[in-house]
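Asker: Quick one: the structure is below, and I'll ask about it shortly.
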Amino acid sequence: MRVGVVLFPGTNRERDVLTAFVRAGAPRPRLIWHEESDLAGLDLVVLPGGFSYGDYLRPGAMAALSPVMTAVRAFAARGGYVLGICNGFQILIEAGILPGALLRNVTLRFLAQDCHLRVERADTAFTRHFQKGAVFRAPMAHGDGNYFADPATLARLEGEGLIAFRYTPPAGELAREANPNGSMNHIAGIYSANLRVLGLMPHPEDLVDPVIGGEDGLPLFTGLAEALAA
Amino acid sequence: MSAPLPVTLHFNATVTVLPKEGVLDPEGQAIERALKGLGFSEVETVHAGKVITLSLTAADRAEAERRVREMAERLLANPIIQRYTLRIEESA
């Protein structure tokens, strides 16, 4: 499996992603500067978290116009796998690769805390090492993660099974207090129609080692390593 | 009998970006609550947004407006969640 991790000015979670893939037994990903546009030979492109361009204008708005994003759009259109985490999800949305928008958290606070994510389907390259309906812990750290979509888009995402993860309590039921940023339908992550592009706000890559509190997020990376093994 | 020289005019543009009606605006709601807390009970609604000013050249006001509208649609506002208004003035 060949993974590329894109670096924008202000990206700061790329090492966490590298660590997660190495711990999952995958080859060390290649770092790709945002001015590059050659993604040849890659199976998966990751847009990691951070504050690209200082979140100027809207989070992800500037990064979405980088040369690499033209290449990422073409890569996704060819059926390439793309994973956008936190600011990476915001960039995928601003680039129009995933639908909807991410608004300011309903609390108006930057939320740096653990949350729990319910796996809505386990038949994708990203979730094959989870059980459908399983709930896992993941750290979240964002100010603009409040998922919004117009009613038609929301109905399509729900109807086509494109919701990847929802915020829930550990037991997995839907509860308003477990949806800290106020996302519509408790949405924490969504897929593209071909299930090969995943964007999510929380950080599974930050819980992949018992030394820092657990391996709850590791199955996402071992699953990808298995699904995309050459 | 010479052709008129092309004239380039200078304009100042102000683009005001606000949340669309119906889109959750927690910042506006927080300001509204704070204003009411200060005793401004007459306040009915509050919205918070962003103002972007820029100067540009164009052949005429219509061209300036067309270009700024394109800037707003493609970058300055996110049409899924935001609306915008333009103000364009010719500058010296």
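Residues are named by chain letter and number: chains run A, B, ... in the order of the structure tokens, numbers start at 1 in each chain, and ligands are numbered from 1 in the order shown.
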Need the shell around stretch 79-85 of chain B: protein/DNA/RNA residues with any atom at most 10 Å away, counting only C-alpha atoms. Skip same-chain ones fewer than 3 positions apart. Format as a JSON list (two decimals) with C-alpha atoms, in the first residue's frame?

Answerer:
```json
[["chain", "number", "residue", "atom", "x", "y", "z"],
["A", 99, "PRO", "CA", -20.98, 17.57, 0.20],
["A", 100, "GLY", "CA", -22.26, 19.89, 2.90],
["A", 101, "ALA", "CA", -20.51, 22.38, 5.14],
["A", 102, "LEU", "CA", -18.89, 22.49, 8.57],
["A", 103, "LEU", "CA", -20.17, 25.33, 10.74],
["A", 148, "PHE", "CA", -24.58, 20.97, 7.95],
["A", 149, "ALA", "CA", -26.24, 19.97, 4.68],
["A", 150, "ASP", "CA", -29.42, 21.04, 2.95],
["B", 14, "THR", "CA", -17.26, 45.85, 0.09],
["B", 15, "VAL", "CA", -18.52, 42.28, 0.32],
["B", 16, "THR", "CA", -20.60, 41.45, 3.39],
["B", 17, "VAL", "CA", -20.96, 37.73, 4.09],
["B", 18, "LEU", "CA", -23.67, 36.51, 6.49],
["B", 19, "PRO", "CA", -25.18, 33.14, 7.40],
["B", 20, "LYS", "CA", -28.09, 32.18, 5.15],
["B", 21, "GLU", "CA", -31.56, 32.29, 6.62],
["B", 22, "GLY", "CA", -32.24, 28.96, 8.26],
["B", 23, "VAL", "CA", -28.58, 28.10, 8.82],
["B", 24, "LEU", "CA", -27.66, 27.84, 12.48],
["B", 25, "ASP", "CA", -25.82, 30.99, 13.58],
["B", 49, "GLY", "CA", -20.65, 37.57, 9.57],
["B", 50, "LYS", "CA", -17.60, 38.90, 7.85],
["B", 51, "VAL", "CA", -16.80, 42.02, 5.82],
["B", 69, "ARG", "CA", -19.82, 38.86, -7.70],
["B", 72, "ALA", "CA", -17.92, 36.17, -3.89],
["B", 73, "GLU", "CA", -19.43, 33.07, -5.53],
["B", 74, "ARG", "CA", -16.13, 31.27, -5.99],
["B", 75, "LEU", "CA", -14.28, 32.09, -2.78],
["B", 76, "LEU", "CA", -15.43, 34.86, -0.46]]
```

Asker: Please identify all residues of chain A having at least one atom at most 12 Å from any atom of chain B, considering only C-alpha atoms, and return them as a VMD selection string.

Answerer: chain A and resid 56 to 65 93 to 96 99 to 109 144 146 to 151 153 181 to 184

Asker: Set the distance at 6 Å and use only C-alpha atoms: which residues neighbour stretch 201-205 of chain A once local chain neighbours fewer than 6 positions away are removed? I'd like the list as a PyMOL selection string.

Answerer: chain A and resi 16-17+20+85-86+138-140+188+217

Asker: In Å, rounded to a single decimal, give me how far atom CA of A:Ile91 is from atom CA of A:Ala193.

Answerer: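 For atom CA of A:Ala193 relative to atom CA of A:Ile91, the distance reads 17.7 Å.
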
Asker: Please provide as a PDB file with N, CA and C atoms, in the first residue's frame all residues within 9 Å of B:Val68, with the sequence filter that same-chain residues fewer than 6 positions apart are discarded (counting only C-alpha atoms).

Answerer:
```
ATOM      1  N   ALA B  13     -14.677  47.934  -3.382  1.00  0.00           N
ATOM      2  CA  ALA B  13     -15.797  47.013  -3.209  1.00  0.00           C
ATOM      3  C   ALA B  13     -15.846  46.535  -1.754  1.00  0.00           C
ATOM      4  N   VAL B  15     -17.711  43.503   0.376  1.00  0.00           N
ATOM      5  CA  VAL B  15     -18.521  42.283   0.322  1.00  0.00           C
ATOM      6  C   VAL B  15     -18.864  41.904   1.766  1.00  0.00           C
ATOM      7  N   LEU B  56     -10.184  47.429  -6.868  1.00  0.00           N
ATOM      8  CA  LEU B  56      -9.920  46.767  -8.144  1.00  0.00           C
ATOM      9  C   LEU B  56     -10.054  47.764  -9.289  1.00  0.00           C
ATOM     10  N   LEU B  86     -23.113  43.122  -1.941  1.00  0.00           N
ATOM     11  CA  LEU B  86     -21.985  43.877  -2.500  1.00  0.00           C
ATOM     12  C   LEU B  86     -22.272  45.365  -2.421  1.00  0.00           C
ATOM     13  N   ILE B  88     -20.311  48.708  -4.290  1.00  0.00           N
ATOM     14  CA  ILE B  88     -19.198  49.085  -5.160  1.00  0.00           C
ATOM     15  C   ILE B  88     -19.230  50.583  -5.382  1.00  0.00           C
TER      16      ILE B  88
END
```

Asker: Run DSSP on the backbone of this structure and report the residues of stretch 41-95 of chain A it assigns to alpha helix (DSSP H), as a VMD selection string.

Answerer: chain A and resid 67 to 77 87 to 94

Asker: Which one is closest to B:Ala92: B:His47, B:Pro4, B:Ser55, B:Glu42? Count only C-alpha atoms.

Answerer: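 Closest candidate: B:Ser55.
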
Asker: Just give me the gap between atom CA of A:Phe136 and atom CA of A:Gly214 in Å, one decimal is fine.

Answerer: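 So the two atoms, atom CA of A:Phe136 and atom CA of A:Gly214, lie 10.5 Å apart.
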
Asker: Where does DSSP see strand (DSSP E) in stretch 78-200 of chain A, if you list the residues as a PyMOL selection string?

Answerer: chain A and resi 81-85+101-103+111-119+135-142+146-148+163-167+187-191+197-200
